[in-house]
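Contents: one structure, followed by commentary.
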Amino acid sequence: MPDVTTEANIDAVALAIREARSVVVLTGAGISTESGIPDFRGPDGVWTRNPEAERTATIQHYVANRDHRVRSWAGRAGSAMHNAEPNAGHYALTALEGKGGLDTLVTQNIDGLHHAAGTSPERIIEIHGTVRDYACLGCSDRGPIEVVLERVRNGDEDPHCESCGGLLKSATISFGQALIAEDLERAQLAAAGCDLFLAIGTSLTVYPVAALPEIAIQYGARLIILNAQETPYDGLAAAILRDGIGEVLPKIVERV
Ligand code: NAD
């Protein structure tokens with residue numbers, strides 16, 4: 001299995017991008033750790049430090065448990081995610097798009113940092129939603145989360161929908177909630193249609209997104225992984241880089 005970190009391998013990955021007809025990038029929480037947002041399963045991950053948090057991260061728990069919702073809204077109101085800035089990794093992907101080297105960016109991240117870094121919204125699929133918006137679980141009401149956070153700051157601990165009275169939540173997909181079918185289909189079609197698939201900062205363990213590299217490979221694409229820890233797909237990758245994303249990704253993109 002290739003396990004590469006050298007300058008020569010950075011060149012090889014840049015060459016693979018240059019030669020590709022269509023590049024699809026999948027990002028995960030690892031691209032945002034350098035913006036101060038912890039991942040889930042890395043050494044300092046939220047769930048590595050507090051395994052109980054994984055058990056309660058379901059839509060069923062959110063709906064059934066008022067205390068959990070109150071804690072969630074209080075957490076959102078003061079969350080690092082809302083104040084985080086994009087880092088060199090996010091900007092490198094924007095630069096890659098500028099060089100014509102990015103077809104579709106599928107992100108599992110809910111932090112909105114690819115948009116903040118200037119990647120074109122039409123190329124981004126936020127497959128697990130976004131914390132920048134709220135959504136009502138009872139009707140189709142949705143809007144900027146700031147509107148609801150203002151209500152929370154003014155004392156509404158468990159805000160409900162002003163249209164239908166339903167529960168409000170950030171517009172993110174929790175475990176137990178279905179993905180948006182059109183988003184998943186678009187991501188799967190992009191994976192099937194590309195000839196190079198880059199998986200960046202993801203443990204590749206959350207399905208169905210984690211199946212995207214497999215789809216890409218089945219349709220003939222090469223897989224390149226940039227991730228500090230091992231993933232279940234390492235054995236299928238043409239190249240693996242374990243360096244910090246903010247360090248290695250700009251170097252790759254510079255050489256494209
Ligand atoms: P994960 O936590 O399962 O895996 C992240 C991977 O990134 C780990 O293997 C870790 O070793 C690697 N990593 C962390 N920092 C790195 C760095 N600087 N350089 C190289 N590698 C680095 O994350 P996942 O696969 O995205 O799945 C977790 C789920 O959690 C996703 O569905 C996502 O929606 C959600 N999540 C999102 C955020 C965010 O929006 N920033 C943060 C935490 C979790």
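Residues are named by chain letter and number: chains run A, B, ... in the order of the structure tokens, numbers start at 1 in each chain, and ligands are numbered from 1 in the order shown.
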
- strand (DSSP E or B) call set, DSSP backbone run, segment 85-140 of chain A, as a VMD selection string: chain A and resid 104 to 107 124 to 126 129 to 136

Next, the residues of the selection above should be written as a compact mmCIF listing (two decimals), in the first residue's frame with C-alpha atoms.
# COMPACT_ATOMS: atom_id res chain seq x y z
CA THR A 104 -17.43 19.10 -7.70
CA LEU A 105 -16.65 19.57 -4.02
CA VAL A 106 -18.69 17.27 -1.80
CA THR A 107 -18.28 18.20 1.84
CA ILE A 124 -20.28 22.62 -3.48
CA ILE A 125 -22.58 19.90 -2.18
CA GLU A 126 -23.02 20.22 1.59
CA GLY A 129 -26.27 20.36 5.63
CA THR A 130 -25.07 23.59 7.20
CA VAL A 131 -25.04 25.28 10.59
CA ARG A 132 -25.46 28.63 8.83
CA ASP A 133 -29.21 27.96 8.45
CA TYR A 134 -32.02 26.75 10.69
CA ALA A 135 -34.72 24.35 9.54
CA CYS A 136 -38.12 23.47 10.98

Using 6 Å as the limit and counting only C-alpha atoms and all ligand atoms, can you tabulate each residue of chain A that touches ligand 1, with its shortest atom-to-atom distance in Å and the two atoms involved, as a tab-separated table?
residue	atom	partner	partner_atom_place_in_ligand_line	distance
A:Gly28	CA	ligand 1	26 (O)	3.1
A:Ala29	CA	ligand 1	26 (O)	3.9
A:Gly30	CA	ligand 1	7 (O)	3.3
A:Ile31	CA	ligand 1	17 (C)	5.9
A:Ser32	CA	ligand 1	41 (N)	5.0
A:Thr33	CA	ligand 1	15 (N)	5.0
A:Glu34	CA	ligand 1	18 (N)	5.6
A:Ile37	CA	ligand 1	41 (N)	5.5
A:Pro38	CA	ligand 1	42 (C)	5.8
A:Asp39	CA	ligand 1	43 (C)	4.0
A:Phe40	CA	ligand 1	2 (O)	3.4
A:Arg41	CA	ligand 1	2 (O)	3.8
A:Gly42	CA	ligand 1	10 (C)	4.1
A:Gln108	CA	ligand 1	34 (O)	4.3
A:Asn109	CA	ligand 1	40 (O)	3.3
A:Ile110	CA	ligand 1	40 (O)	3.8
A:Asp111	CA	ligand 1	40 (O)	4.1
A:His128	CA	ligand 1	34 (O)	5.3
A:Gly201	CA	ligand 1	7 (O)	3.8
A:Thr202	CA	ligand 1	25 (O)	3.4
A:Ser203	CA	ligand 1	25 (O)	4.0
A:Leu204	CA	ligand 1	25 (O)	5.1
A:Val206	CA	ligand 1	27 (O)	5.8
A:Asn227	CA	ligand 1	21 (N)	3.9
A:Ala228	CA	ligand 1	21 (N)	3.8
A:Gln229	CA	ligand 1	11 (O)	4.2
A:Asp243	CA	ligand 1	20 (C)	5.8
A:Gly244	CA	ligand 1	19 (N)	3.5
A:Ile245	CA	ligand 1	19 (N)	4.1

Give one line per residue of segment 91-166 of chain A that approaches segment 75-79 of chain A to at most 10 Å, naming the two atoms of the closest pair and their distance in Å to one decimal, counting only C-alpha atoms; sort by chain then ascending residue number and deliver it as a Markdown table.
| residue | atom | partner | partner_atom | distance |
| --- | --- | --- | --- | --- |
| A:Val131 | CA | A:Arg76 | CA | 8.5 |
| A:Ile145 | CA | A:Arg76 | CA | 9.4 |
| A:Glu146 | CA | A:Ala77 | CA | 8.7 |
| A:Val148 | CA | A:Ala77 | CA | 9.2 |
| A:Leu149 | CA | A:Ala77 | CA | 5.7 |
| A:Glu150 | CA | A:Ala77 | CA | 8.2 |
| A:Arg151 | CA | A:Ala77 | CA | 9.8 |
| A:Val152 | CA | A:Ala77 | CA | 7.2 |
| A:Arg153 | CA | A:Ala77 | CA | 7.1 |

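Take atom CA of Ser174 of chain A and atom CA of Ala57 of chain A: the distance between them is 6.6 Å.
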
- Using only C-alpha atoms, determine which residues lie at most 9 Å from segment 62-66 of chain A, disregarding the query and same-chain residues fewer than 5 positions distant; provide the list as number ranges by chain. A: 56-57, 71-72, 158, 167, 169

Store the residues picked out above, limited to C-alpha atoms, as a tab-separated table (two decimals), in the first residue's frame.
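The resulting file, out25.tsv, is shown below:
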chain	number	residue	atom	x	y	z
A	56	THR	CA	-26.80	11.29	21.72
A	57	ALA	CA	-26.05	12.77	18.28
A	71	ARG	CA	-28.02	22.49	25.50
A	72	SER	CA	-27.72	22.29	21.70
A	158	ASP	CA	-35.99	25.83	23.03
A	167	LEU	CA	-39.20	21.99	16.52
A	169	LYS	CA	-32.84	22.71	14.53

- Among the residues of segment 86-209 of chain A, find those DSSP assigns to alpha helix (DSSP H) from the backbone and print them as a VMD selection string. chain A and resid 88 to 98 113 to 116 145 to 153 181 to 193

Give me the residues of segment 109-167 of chain A that have any atom at most 6 Å from an atom of segment 83-101 of chain A; for each, the nearest atom pair and the distance in Å, rounded to one decimal. Use only C-alpha atoms, sort by chain and number, and format it as a Markdown table.
| residue | atom | partner | partner_atom | distance |
| --- | --- | --- | --- | --- |
| A:Leu113 | CA | A:Pro86 | CA | 5.2 |
| A:His114 | CA | A:His90 | CA | 5.8 |
| A:Ala117 | CA | A:Tyr91 | CA | 5.5 |
| A:Thr119 | CA | A:Thr94 | CA | 4.7 |
